[in-house]
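Raw query_23.pdb, PDB, C-alpha atoms and all ligand atoms:
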```pdb
ATOM      1  CA  MET A 116     -17.901  23.493  -4.596  1.00  0.00           C
ATOM      2  CA  THR A 117     -16.345  20.258  -3.371  1.00  0.00           C
ATOM      3  CA  ALA A 118     -13.140  19.457  -1.546  1.00  0.00           C
ATOM      4  CA  HIS A 119     -12.066  17.146  -4.367  1.00  0.00           C
ATOM      5  CA  CYS A 120     -12.297  17.722  -8.109  1.00  0.00           C
ATOM      6  CA  LEU A 121     -15.067  15.431  -9.427  1.00  0.00           C
ATOM      7  CA  ASP A 122     -12.934  14.495 -12.414  1.00  0.00           C
ATOM      8  CA  CYS A 123      -9.316  14.039 -11.343  1.00  0.00           C
ATOM      9  CA  GLY A 124      -9.805  13.837  -7.568  1.00  0.00           C
ATOM     10  CA  ALA A 125      -7.272  16.581  -6.765  1.00  0.00           C
ATOM     11  CA  GLU A 126      -8.025  18.776  -3.786  1.00  0.00           C
ATOM     12  CA  THR A 127      -9.612  22.029  -4.797  1.00  0.00           C
ATOM     13  CA  HIS A 128     -11.033  24.993  -2.924  1.00  0.00           C
ATOM     14  CA  SER A 129     -11.957  27.161  -5.871  1.00  0.00           C
ATOM     15  CA  ASP A 130     -14.387  26.649  -8.732  1.00  0.00           C
ATOM     16  CA  GLN A 131     -11.546  25.689 -11.050  1.00  0.00           C
ATOM     17  CA  CYS A 132      -9.443  22.619 -10.329  1.00  0.00           C
ATOM     18  CA  PRO A 133      -5.752  23.569  -9.935  1.00  0.00           C
ATOM     19  CA  SER A 134      -4.710  20.182 -11.266  1.00  0.00           C
ATOM     20  CA  CYS A 135      -6.796  19.479 -14.384  1.00  0.00           C
ATOM     21  CA  GLY A 136      -8.145  22.977 -14.986  1.00  0.00           C
ATOM     22  CA  LEU A 137     -11.794  21.957 -15.221  1.00  0.00           C
ATOM     23  CA  THR A 138     -14.507  24.051 -13.639  1.00  0.00           C
ATOM     24  CA  SER A 139     -16.651  22.183 -11.123  1.00  0.00           C
ATOM     25  CA  GLU A 140     -19.482  22.146 -13.667  1.00  0.00           C
ATOM     26  CA  ALA A 141     -17.301  20.612 -16.398  1.00  0.00           C
ATOM     27  CA  ALA A 142     -15.859  18.113 -13.889  1.00  0.00           C
ATOM     28  CA  GLU A 143     -19.394  17.030 -12.994  1.00  0.00           C
ATOM     29  CA  VAL A 144     -20.138  16.316 -16.668  1.00  0.00           C
ATOM     30  CA  MET A 145     -16.931  14.286 -16.924  1.00  0.00           C
ATOM     31  CA  LEU A 146     -17.832  12.373 -13.762  1.00  0.00           C
ATOM     32  CA  ARG A 147     -21.224  11.484 -15.222  1.00  0.00           C
ATOM     33  CA  HIS A 148     -19.584  10.149 -18.398  1.00  0.00           C
ATOM     34  CA  ARG A 149     -17.151   8.041 -16.419  1.00  0.00           C
ATOM     35  CA  LEU A 150     -19.920   6.666 -14.209  1.00  0.00           C
ATOM     36  CA  LEU A 151     -21.885   5.679 -17.320  1.00  0.00           C
ATOM     37  CA  ARG A 152     -18.912   3.943 -18.925  1.00  0.00           C
ATOM     38  CA  ARG A 153     -18.076   2.022 -15.753  1.00  0.00           C
ATOM     39  CA  THR A 154     -21.716   1.090 -15.248  1.00  0.00           C
ATOM     40  CA  ALA A 155     -21.699  -0.444 -18.739  1.00  0.00           C
ATOM     41  CA  VAL A 156     -18.585  -2.453 -17.802  1.00  0.00           C
ATOM     42  CA  LEU A 157     -20.314  -3.563 -14.591  1.00  0.00           C
ATOM     43  CA  LEU A 158     -23.485  -4.652 -16.400  1.00  0.00           C
ATOM     44  CA  VAL A 159     -21.607  -6.661 -19.025  1.00  0.00           C
ATOM     45  CA  GLY A 160     -19.509  -8.283 -16.293  1.00  0.00           C
ATOM     46  CA  GLY A 161     -22.645  -9.215 -14.361  1.00  0.00           C
ATOM     47  CA  LEU A 162     -24.256 -10.698 -17.467  1.00  0.00           C
ATOM     48  CA  LEU A 163     -21.115 -12.669 -18.360  1.00  0.00           C
ATOM     49  CA  PHE A 164     -20.599 -13.970 -14.867  1.00  0.00           C
ATOM     50  CA  VAL A 165     -23.784 -16.044 -14.862  1.00  0.00           C
ATOM     51  CA  PRO A 166     -22.943 -18.295 -17.854  1.00  0.00           C
ATOM     52  CA  ALA A 167     -19.224 -18.293 -16.977  1.00  0.00           C
ATOM     53  CA  SER A 168     -20.017 -19.660 -13.512  1.00  0.00           C
ATOM     54  CA  GLN A 169     -21.888 -22.599 -15.022  1.00  0.00           C
ATOM     55  CA  VAL A 170     -19.219 -23.935 -17.373  1.00  0.00           C
ATOM     56  CA  PHE A 171     -17.229 -25.461 -14.492  1.00  0.00           C
ATOM     57  CA  PRO A 172     -19.812 -25.101 -11.726  1.00  0.00           C
ATOM     58  CA  PRO A 173     -18.245 -24.734  -8.248  1.00  0.00           C
ATOM     59  CA  LEU A 174     -19.652 -26.854  -5.468  1.00  0.00           C
ATOM     60  CA  ASP A 175     -20.320 -23.657  -3.510  1.00  0.00           C
ATOM     61  CA  LEU A 176     -21.940 -21.896  -6.446  1.00  0.00           C
ATOM     62  CA  ASP A 177     -24.837 -20.556  -4.374  1.00  0.00           C
ATOM     63  CA  LEU A 178     -22.512 -18.790  -1.935  1.00  0.00           C
ATOM     64  CA  ILE A 179     -20.488 -17.334  -4.796  1.00  0.00           C
ATOM     65  CA  LEU A 180     -23.659 -16.183  -6.569  1.00  0.00           C
ATOM     66  CA  ILE A 181     -24.853 -14.421  -3.427  1.00  0.00           C
ATOM     67  CA  PHE A 182     -21.493 -12.707  -2.971  1.00  0.00           C
ATOM     68  CA  VAL A 183     -21.166 -11.561  -6.589  1.00  0.00           C
ATOM     69  CA  GLY A 184     -24.827 -10.510  -6.554  1.00  0.00           C
ATOM     70  CA  LEU A 185     -24.168  -8.350  -3.481  1.00  0.00           C
ATOM     71  CA  VAL A 186     -21.129  -6.760  -5.126  1.00  0.00           C
ATOM     72  CA  PHE A 187     -23.079  -6.159  -8.340  1.00  0.00           C
ATOM     73  CA  PHE A 188     -26.128  -4.541  -6.755  1.00  0.00           C
ATOM     74  CA  THR A 189     -24.067  -2.527  -4.264  1.00  0.00           C
ATOM     75  CA  ALA A 190     -22.048  -1.086  -7.165  1.00  0.00           C
ATOM     76  CA  LEU A 191     -25.213  -0.384  -9.150  1.00  0.00           C
ATOM     77  CA  TRP A 192     -26.785   1.380  -6.186  1.00  0.00           C
ATOM     78  CA  MET A 193     -23.597   3.417  -5.660  1.00  0.00           C
ATOM     79  CA  VAL A 194     -23.925   4.927  -9.154  1.00  0.00           C
ATOM     80  CA  PHE A 195     -27.164   6.614  -8.135  1.00  0.00           C
ATOM     81  CA  TRP A 196     -25.795   7.568  -4.734  1.00  0.00           C
ATOM     82  CA  ILE A 197     -22.643   9.171  -6.200  1.00  0.00           C
ATOM     83  CA  ASP A 198     -24.666  11.005  -8.832  1.00  0.00           C
ATOM     84  CA  ARG A 199     -27.078  12.389  -6.230  1.00  0.00           C
ATOM     85  CA  ARG A 200     -24.304  13.538  -3.924  1.00  0.00           C
ATOM     86  CA  ALA A 201     -22.375  15.156  -6.788  1.00  0.00           C
ATOM     87  CA  ARG A 202     -25.492  17.083  -7.816  1.00  0.00           C
ATOM     88  CA  LYS A 203     -25.855  18.426  -4.279  1.00  0.00           C
ATOM     89  CA  GLY A 204     -22.194  19.444  -4.258  1.00  0.00           C
ATOM     90  CA  PHE A 205     -21.050  16.875  -1.685  1.00  0.00           C
ATOM     91  CA  ASP A 206     -17.669  15.204  -1.878  1.00  0.00           C
ATOM     92  CA  VAL A 207     -17.741  11.828  -3.664  1.00  0.00           C
ATOM     93  CA  GLU A 208     -14.049  10.963  -3.862  1.00  0.00           C
ATOM     94  CA  VAL A 209     -14.122   7.989  -1.481  1.00  0.00           C
ATOM     95  CA  LEU A 210     -17.393   6.600  -2.890  1.00  0.00           C
ATOM     96  CA  LYS A 211     -16.020   6.963  -6.403  1.00  0.00           C
ATOM     97  CA  ARG A 212     -12.936   4.917  -5.501  1.00  0.00           C
ATOM     98  CA  ILE A 213     -15.005   2.172  -3.871  1.00  0.00           C
ATOM     99  CA  PHE A 214     -17.291   2.063  -6.902  1.00  0.00           C
ATOM    100  CA  PHE A 215     -14.381   1.889  -9.363  1.00  0.00           C
ATOM    101  CA  GLY A 216     -12.943  -0.919  -7.244  1.00  0.00           C
ATOM    102  CA  LEU A 217     -16.184  -2.945  -7.315  1.00  0.00           C
ATOM    103  CA  VAL A 218     -16.783  -2.624 -11.069  1.00  0.00           C
ATOM    104  CA  PRO A 219     -14.222  -5.225 -12.253  1.00  0.00           C
ATOM    105  CA  LEU A 220     -15.106  -7.823  -9.584  1.00  0.00           C
ATOM    106  CA  PRO A 221     -17.802  -9.723 -11.564  1.00  0.00           C
ATOM    107  CA  TRP A 222     -15.267 -10.005 -14.412  1.00  0.00           C
ATOM    108  CA  VAL A 223     -12.556 -11.157 -12.021  1.00  0.00           C
ATOM    109  CA  PHE A 224     -14.833 -13.815 -10.510  1.00  0.00           C
ATOM    110  CA  ALA A 225     -15.961 -15.001 -13.955  1.00  0.00           C
ATOM    111  CA  ILE A 226     -12.341 -15.384 -15.078  1.00  0.00           C
ATOM    112  CA  PHE A 227     -11.361 -17.066 -11.762  1.00  0.00           C
ATOM    113  CA  LEU A 228     -14.081 -19.693 -12.059  1.00  0.00           C
ATOM    114  CA  PHE A 229     -13.281 -20.338 -15.699  1.00  0.00           C
ATOM    115  CA  VAL A 230      -9.518 -20.687 -15.121  1.00  0.00           C
ATOM    116  CA  ASN A 231     -10.207 -22.768 -11.977  1.00  0.00           C
ATOM    117  CA  GLY A 232     -11.999 -25.416 -14.038  1.00  0.00           C
ATOM    118  CA  LYS A 233     -10.379 -25.062 -17.445  1.00  0.00           C
ATOM    119  CA  PHE A 234      -6.792 -25.595 -16.283  1.00  0.00           C
ATOM    120  CA  ASP A 235      -7.531 -28.075 -13.498  1.00  0.00           C
ATOM    121  CA  GLY A 236      -5.367 -31.086 -14.343  1.00  0.00           C
ATOM    122  CA  ALA A 237      -6.253 -33.095 -11.211  1.00  0.00           C
ATOM    123  CA  ARG A 238      -8.050 -36.421 -11.440  1.00  0.00           C
ATOM    124  CA  PRO A 239     -11.689 -36.180 -10.423  1.00  0.00           C
ATOM    125  CA  ALA A 240     -12.572 -37.694  -7.056  1.00  0.00           C
ATOM    126  CA  ALA A 241     -15.671 -39.882  -6.834  1.00  0.00           C
ATOM    127  CA  GLU A 242     -17.925 -38.934  -3.919  1.00  0.00           C
ATOM    128  CA  PRO A 243     -20.799 -41.318  -3.247  1.00  0.00           C
ATOM    129  CA  ALA A 244     -23.892 -39.516  -2.054  1.00  0.00           C
ATOM    130  CA  ARG A 245     -27.605 -39.987  -1.609  1.00  0.00           C
ATOM    131  CA  VAL A 246     -29.987 -37.452  -3.095  1.00  0.00           C
ATOM    132  CA  ILE A 247     -32.243 -36.098  -0.351  1.00  0.00           C
ATOM    133  CA  GLY A 248     -33.856 -33.258  -2.247  1.00  0.00           C
ATOM    134  CA  ARG A 249     -33.957 -31.197  -5.408  1.00  0.00           C
ATOM    135  CA  LEU A 250     -34.187 -27.489  -5.995  1.00  0.00           C
ATOM    136  CA  SER A 251     -35.068 -25.545  -9.127  1.00  0.00           C
ATOM    137  CA  MET A 252     -35.336 -21.771  -9.157  1.00  0.00           C
ATOM    138  CA  GLY A 253     -34.982 -18.743 -11.306  1.00  0.00           C
ATOM    139  CA  GLY A 254     -35.970 -17.362 -14.664  1.00  0.00           C
ATOM    140  CA  PRO A 255     -34.627 -17.654 -18.187  1.00  0.00           C
ATOM    141  CA  TRP A 256     -31.292 -15.988 -17.433  1.00  0.00           C
ATOM    142  CA  LEU A 257     -30.279 -17.401 -14.108  1.00  0.00           C
ATOM    143  CA  HIS A 258     -31.714 -20.876 -13.797  1.00  0.00           C
ATOM    144  CA  THR A 259     -30.430 -22.814 -10.828  1.00  0.00           C
ATOM    145  CA  ARG A 260     -30.914 -26.556 -10.588  1.00  0.00           C
ATOM    146  CA  ARG A 261     -29.495 -28.293  -7.552  1.00  0.00           C
ATOM    147  CA  LEU A 262     -29.394 -31.781  -6.103  1.00  0.00           C
ATOM    148  CA  ILE A 263     -29.307 -31.678  -2.323  1.00  0.00           C
ATOM    149  CA  VAL A 264     -27.063 -34.333  -0.792  1.00  0.00           C
ATOM    150  CA  ARG A 265     -25.572 -34.919   2.627  1.00  0.00           C
ATOM    151  CA  SER A 266     -22.076 -33.404   2.711  1.00  0.00           C
ATOM    152  CA  TRP A 267     -18.873 -35.402   2.826  1.00  0.00           C
ATOM    153  CA  ARG A 268     -16.884 -32.284   3.734  1.00  0.00           C
ATOM    154  CA  ASP A 269     -15.982 -31.307   7.304  1.00  0.00           C
ATOM    155  CA  GLY A 270     -18.212 -28.769   8.975  1.00  0.00           C
ATOM    156  CA  ARG A 271     -20.988 -28.908   6.418  1.00  0.00           C
ATOM    157  CA  ALA A 272     -24.348 -30.590   6.703  1.00  0.00           C
ATOM    158  CA  LEU A 273     -25.595 -30.393   3.114  1.00  0.00           C
ATOM    159  CA  GLU A 274     -24.294 -29.753  -0.365  1.00  0.00           C
ATOM    160  CA  ARG A 275     -26.347 -27.998  -2.998  1.00  0.00           C
ATOM    161  CA  VAL A 276     -24.784 -29.577  -6.052  1.00  0.00           C
ATOM    162  CA  PRO A 277     -25.249 -27.611  -9.287  1.00  0.00           C
ATOM    163  CA  VAL A 278     -26.384 -29.892 -12.122  1.00  0.00           C
ATOM    164  CA  ASN A 279     -27.551 -29.520 -15.701  1.00  0.00           C
ATOM    165  CA  ASN A 280     -31.133 -30.139 -16.822  1.00  0.00           C
ATOM    166  CA  TYR A 281     -30.397 -33.715 -17.830  1.00  0.00           C
ATOM    167  CA  ASN A 282     -29.031 -34.727 -14.437  1.00  0.00           C
ATOM    168  CA  TYR A 283     -31.693 -32.737 -12.640  1.00  0.00           C
ATOM    169  CA  ASP A 284     -34.488 -34.602 -14.398  1.00  0.00           C
ATOM    170  CA  ARG A 285     -33.106 -38.116 -14.069  1.00  0.00           C
ATOM    171  CA  PHE A 286     -32.370 -38.125 -10.338  1.00  0.00           C
ATOM    172  CA  GLN A 287     -34.964 -38.270  -7.579  1.00  0.00           C
ATOM    173  CA  PRO A 288     -34.713 -38.068  -3.794  1.00  0.00           C
ATOM    174  CA  GLY A 289     -33.584 -41.444  -2.499  1.00  0.00           C
ATOM    175  CA  ASP A 290     -31.303 -42.164  -5.468  1.00  0.00           C
ATOM    176  CA  ASN A 291     -27.728 -43.186  -4.761  1.00  0.00           C
ATOM    177  CA  VAL A 292     -25.345 -41.226  -6.947  1.00  0.00           C
ATOM    178  CA  VAL A 293     -21.647 -40.658  -7.442  1.00  0.00           C
ATOM    179  CA  LEU A 294     -20.459 -37.084  -7.775  1.00  0.00           C
ATOM    180  CA  GLN A 295     -17.370 -36.441  -9.803  1.00  0.00           C
ATOM    181  CA  VAL A 296     -15.621 -33.543  -8.105  1.00  0.00           C
ATOM    182  CA  GLN A 297     -12.330 -31.840  -8.964  1.00  0.00           C
ATOM    183  CA  PRO A 298     -10.303 -29.707  -6.549  1.00  0.00           C
ATOM    184  CA  GLY A 299      -9.936 -26.759  -8.951  1.00  0.00           C
ATOM    185  CA  LEU A 300      -6.714 -25.077 -10.029  1.00  0.00           C
ATOM    186  CA  LEU A 301      -7.384 -22.166  -7.658  1.00  0.00           C
ATOM    187  CA  GLY A 302      -8.715 -24.392  -4.876  1.00  0.00           C
ATOM    188  CA  ILE A 303     -12.407 -23.921  -5.642  1.00  0.00           C
ATOM    189  CA  PRO A 304     -13.883 -27.440  -5.871  1.00  0.00           C
ATOM    190  CA  TRP A 305     -16.208 -27.924  -8.834  1.00  0.00           C
ATOM    191  CA  VAL A 306     -18.576 -30.593 -10.084  1.00  0.00           C
ATOM    192  CA  VAL A 307     -17.726 -32.446 -13.296  1.00  0.00           C
ATOM    193  CA  ASP A 308     -20.726 -34.745 -13.505  1.00  0.00           C
ATOM    194  CA  VAL A 309     -23.147 -36.930 -11.583  1.00  0.00           C
ATOM    195  CA  TYR A 310     -23.610 -40.674 -12.181  1.00  0.00           C
ATOM    196  CA  ARG A 311     -25.980 -43.298 -10.912  1.00  0.00           C
ATOM    197  CA  GLN A 312     -24.455 -45.681  -8.370  1.00  0.00           C
ATOM    198  CA  ASP A 313     -24.543 -49.288  -9.510  1.00  0.00           C
TER     199      ASP A 313
HETATM  200 ZN    ZN A 401      -9.372  18.171 -11.526  1.00  0.00          ZN
END
```
Turn this file's structure into structure tokens for me.
Ligand SMILES: [Zn+2]
Amino acid sequence: MTAHCLDCGAETHSDQCPSCGLTSEAAEVMLRHRLLRRTAVLLVGGLLFVPASQVFPPLDLDLILIFVGLVFFTALWMVFWIDRRARKGFDVEVLKRIFFGLVPLPWVFAIFLFVNGKFDGARPAAEPARVIGRLSMGGPWLHTRRLIVRSWRDGRALERVPVNNYNYDRFQPGDNVVLQVQPGLLGIPWVVDVYRQD
């Protein structure tokens, strides 16, 4: 018996919820169904976020990837945690709310990054930079290719500029390049393209 109904979240001190009428056993089945549905939404959001973040790649893509990755795996881990606690008869109301709050975040971030680039009407700024390193990581799904340049922004030493395969292959450390950067509709600067400096 739990202090909150596993299905509707109403306070209950008997085996049958006074609010929705479900027994604690039936409420547990409902909870499991909801967890499964939300987990599916989370997984699809996580899968969509990766390509969506590369259409208009933000300058700080690595930080954003780490943050969304943390949200994604925390939420995924919470599914198992909530399920285990519910089985043991512990209260899961707060955990459930946190989990339901985390689920849409990969979708929200994917939409943010897309809107940020898609509807950015500003003129791109040209930032001259010198390539000091390159970085390529990941597997078939999440493949990160970065050019490392000294930063032109205050308080930052280096920029890890996301680039496509073409730009990754044609630039080497020591090359002078020009980065085309736009401020982003939502204030998240993103990289349009990289050119060779004449
Ligand atoms: Zn209930």
Requested in this report: Please provide as JSON, numbers by chain all residues within 10 Å of Leu220 (chain A), with the sequence filter that same-chain residues fewer than 2 positions apart are discarded (counting all atoms listed in the file).
Outcome: {"A": [157, 160, 161, 164, 183, 186, 187, 190, 215, 216, 217, 218, 222, 223, 224, 225, 226]}
Query raised in the report: For ligand ZN 401 (chain A), which of A:Glu208, A:Gly302, A:Ala167, A:Gly254 is the closest residue, counting all atoms listed in the file?
Result: A:Glu208
Query raised in the report: Taking the file as shown, what set of residues would the PyMOL selection byres (((not hetatm)) within 8 of (chain A and resi 401)) give back, as a ChimeraX atom specification?
Result: /A:119-127,131-137,142
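Rounded to one decimal, CA of Pro277 (chain A) and CA of Arg261 (chain A) lie 4.6 Å from each other.
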Query raised in the report: Counting all atoms listed in the file, what is within 8 Å of Leu301 (chain A), bar same-chain residues fewer than 2 positions away, as a PyMOL selection string?
Result: chain A and resi 227+230-231+299+303
Using the selection just defined, write its residues with C-alpha atoms as a JSON list (two decimals), in the frame of the given file.
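Printed below is again14.json as written:
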```json
[["chain", "number", "residue", "atom", "x", "y", "z"],
["A", 227, "PHE", "CA", -11.36, -17.07, -11.76],
["A", 230, "VAL", "CA", -9.52, -20.69, -15.12],
["A", 231, "ASN", "CA", -10.21, -22.77, -11.98],
["A", 299, "GLY", "CA", -9.94, -26.76, -8.95],
["A", 303, "ILE", "CA", -12.41, -23.92, -5.64]]
```
Query - Residues matched by the PyMOL selection byres (((chain A and resi 241) around 9) and not hetatm), written as a list in words - result: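 This file gives the following for the PyMOL selection byres (((chain A and resi 241) around 9) and not hetatm): Pro239, Ala240, Glu242, Pro243, Val293, Leu294, Gln295, Val296 and Gln297 of chain A.
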Requested in this report: Quote the spacing between CA of Ile263 (chain A) and CA of Pro304 (chain A) in Å to one decimal place.
Outcome: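 One can read the CA of Ile263 (chain A) to CA of Pro304 (chain A) distance as 16.4 Å.
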Query raised in the report: For the file shown, what are the residues hit by the PyMOL selection byres (((chain A and resi 172) around 8) and not hetatm), laid out as a list in words?
Result: Ser168, Gln169, Val170, Phe171, Pro173, Leu174, Leu176, Leu228, Pro277, Trp305, Val306 and Val307 of chain A
Query - Protein and nucleic acid residues near (-39.8, -33.4, -12.2) (cut-off 12 Å, all atoms listed in the file) as a ChimeraX atom specification - result: /A:248-251,260,280-288
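Separating CA of Asp177 (chain A) from CA of Lys233 (chain A) is a distance of 20.0 Å.
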Report task. Would you please work out which residue, of A:Val207, A:Leu257, A:Val156, A:Asp313, is nearest to Gly184 (chain A) when using only C-alpha atoms? Result ->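 Looking only at the distances to Gly184 (chain A), the closest residue turns out to be A:Leu257.
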Report task. May I ask which of the residues A:His128, A:Asp175, A:Asp198, A:Leu180 is the closest one to Arg149 (chain A), counting all atoms listed in the file? Result -> A:Asp198
Query raised in the report: Quick one: of A:Arg265, A:Asp206, A:Arg200, A:Leu191, who's nearest to Leu151 (chain A), counting only C-alpha atoms?
Result: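 Closest to Leu151 (chain A), using only C-alpha atoms: A:Leu191.
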Requested in this report: Name the residues in contact with Leu150 (chain A) at a cut-off of 10 Å, using only C-alpha atoms, excluding same-chain residues fewer than 3 positions from it; report them as a VMD selection string.
Outcome: chain A and resid 144 to 147 153 to 156 193 to 195 197 to 198 211 214 to 215
Any chance you could build region 154-173 of chain A out to N, CA and C atoms and write it as an mmCIF file, in the coordinates of the input?
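Writing the result to rebuild.cif gives the following:
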```
data_model
loop_
_atom_site.group_PDB
_atom_site.id
_atom_site.type_symbol
_atom_site.label_atom_id
_atom_site.label_comp_id
_atom_site.auth_asym_id
_atom_site.auth_seq_id
_atom_site.Cartn_x
_atom_site.Cartn_y
_atom_site.Cartn_z
ATOM 1 N N THR A 154 -20.485 1.850 -15.474
ATOM 2 C CA THR A 154 -21.716 1.090 -15.248
ATOM 3 C C THR A 154 -21.922 0.079 -16.375
ATOM 4 N N ALA A 155 -21.591 0.481 -17.610
ATOM 5 C CA ALA A 155 -21.699 -0.444 -18.739
ATOM 6 C C ALA A 155 -20.770 -1.640 -18.534
ATOM 7 N N VAL A 156 -19.541 -1.370 -18.066
ATOM 8 C CA VAL A 156 -18.585 -2.453 -17.802
ATOM 9 C C VAL A 156 -19.133 -3.383 -16.716
ATOM 10 N N LEU A 157 -19.732 -2.781 -15.690
ATOM 11 C CA LEU A 157 -20.314 -3.563 -14.591
ATOM 12 C C LEU A 157 -21.444 -4.466 -15.092
ATOM 13 N N LEU A 158 -22.331 -3.895 -15.907
ATOM 14 C CA LEU A 158 -23.485 -4.652 -16.400
ATOM 15 C C LEU A 158 -23.037 -5.826 -17.268
ATOM 16 N N VAL A 159 -22.094 -5.577 -18.162
ATOM 17 C CA VAL A 159 -21.607 -6.661 -19.025
ATOM 18 C C VAL A 159 -20.944 -7.745 -18.178
ATOM 19 N N GLY A 160 -20.155 -7.327 -17.187
ATOM 20 C CA GLY A 160 -19.509 -8.283 -16.293
ATOM 21 C C GLY A 160 -20.529 -9.139 -15.554
ATOM 22 N N GLY A 161 -21.589 -8.491 -15.070
ATOM 23 C CA GLY A 161 -22.645 -9.215 -14.361
ATOM 24 C C GLY A 161 -23.349 -10.215 -15.263
ATOM 25 N N LEU A 162 -23.594 -9.806 -16.506
ATOM 26 C CA LEU A 162 -24.256 -10.698 -17.467
ATOM 27 C C LEU A 162 -23.365 -11.875 -17.835
ATOM 28 N N LEU A 163 -22.057 -11.607 -17.983
ATOM 29 C CA LEU A 163 -21.115 -12.669 -18.360
ATOM 30 C C LEU A 163 -20.864 -13.640 -17.217
ATOM 31 N N PHE A 164 -20.934 -13.126 -16.010
ATOM 32 C CA PHE A 164 -20.599 -13.970 -14.867
ATOM 33 C C PHE A 164 -21.527 -15.185 -14.768
ATOM 34 N N VAL A 165 -22.811 -14.957 -15.044
ATOM 35 C CA VAL A 165 -23.784 -16.044 -14.862
ATOM 36 C C VAL A 165 -23.459 -17.263 -15.738
ATOM 37 N N PRO A 166 -23.318 -17.110 -17.065
ATOM 38 C CA PRO A 166 -22.943 -18.295 -17.854
ATOM 39 C C PRO A 166 -21.535 -18.793 -17.541
ATOM 40 N N ALA A 167 -20.605 -17.871 -17.256
ATOM 41 C CA ALA A 167 -19.224 -18.293 -16.977
ATOM 42 C C ALA A 167 -19.159 -19.162 -15.725
ATOM 43 N N SER A 168 -20.055 -18.901 -14.769
ATOM 44 C CA SER A 168 -20.017 -19.660 -13.512
ATOM 45 C C SER A 168 -20.616 -21.052 -13.682
ATOM 46 N N GLN A 169 -21.238 -21.303 -14.841
ATOM 47 C CA GLN A 169 -21.888 -22.599 -15.022
ATOM 48 C C GLN A 169 -21.123 -23.548 -15.928
ATOM 49 N N VAL A 170 -20.026 -23.070 -16.512
ATOM 50 C CA VAL A 170 -19.219 -23.935 -17.373
ATOM 51 C C VAL A 170 -18.519 -24.997 -16.524
ATOM 52 N N PHE A 171 -17.886 -24.561 -15.438
ATOM 53 C CA PHE A 171 -17.229 -25.461 -14.492
ATOM 54 C C PHE A 171 -17.835 -25.157 -13.127
ATOM 55 N N PRO A 172 -19.058 -25.600 -12.885
ATOM 56 C CA PRO A 172 -19.812 -25.101 -11.726
ATOM 57 C C PRO A 172 -19.169 -25.456 -10.382
ATOM 58 N N PRO A 173 -18.813 -24.457 -9.563
ATOM 59 C CA PRO A 173 -18.245 -24.734 -8.248
ATOM 60 C C PRO A 173 -19.282 -25.361 -7.328
#
```
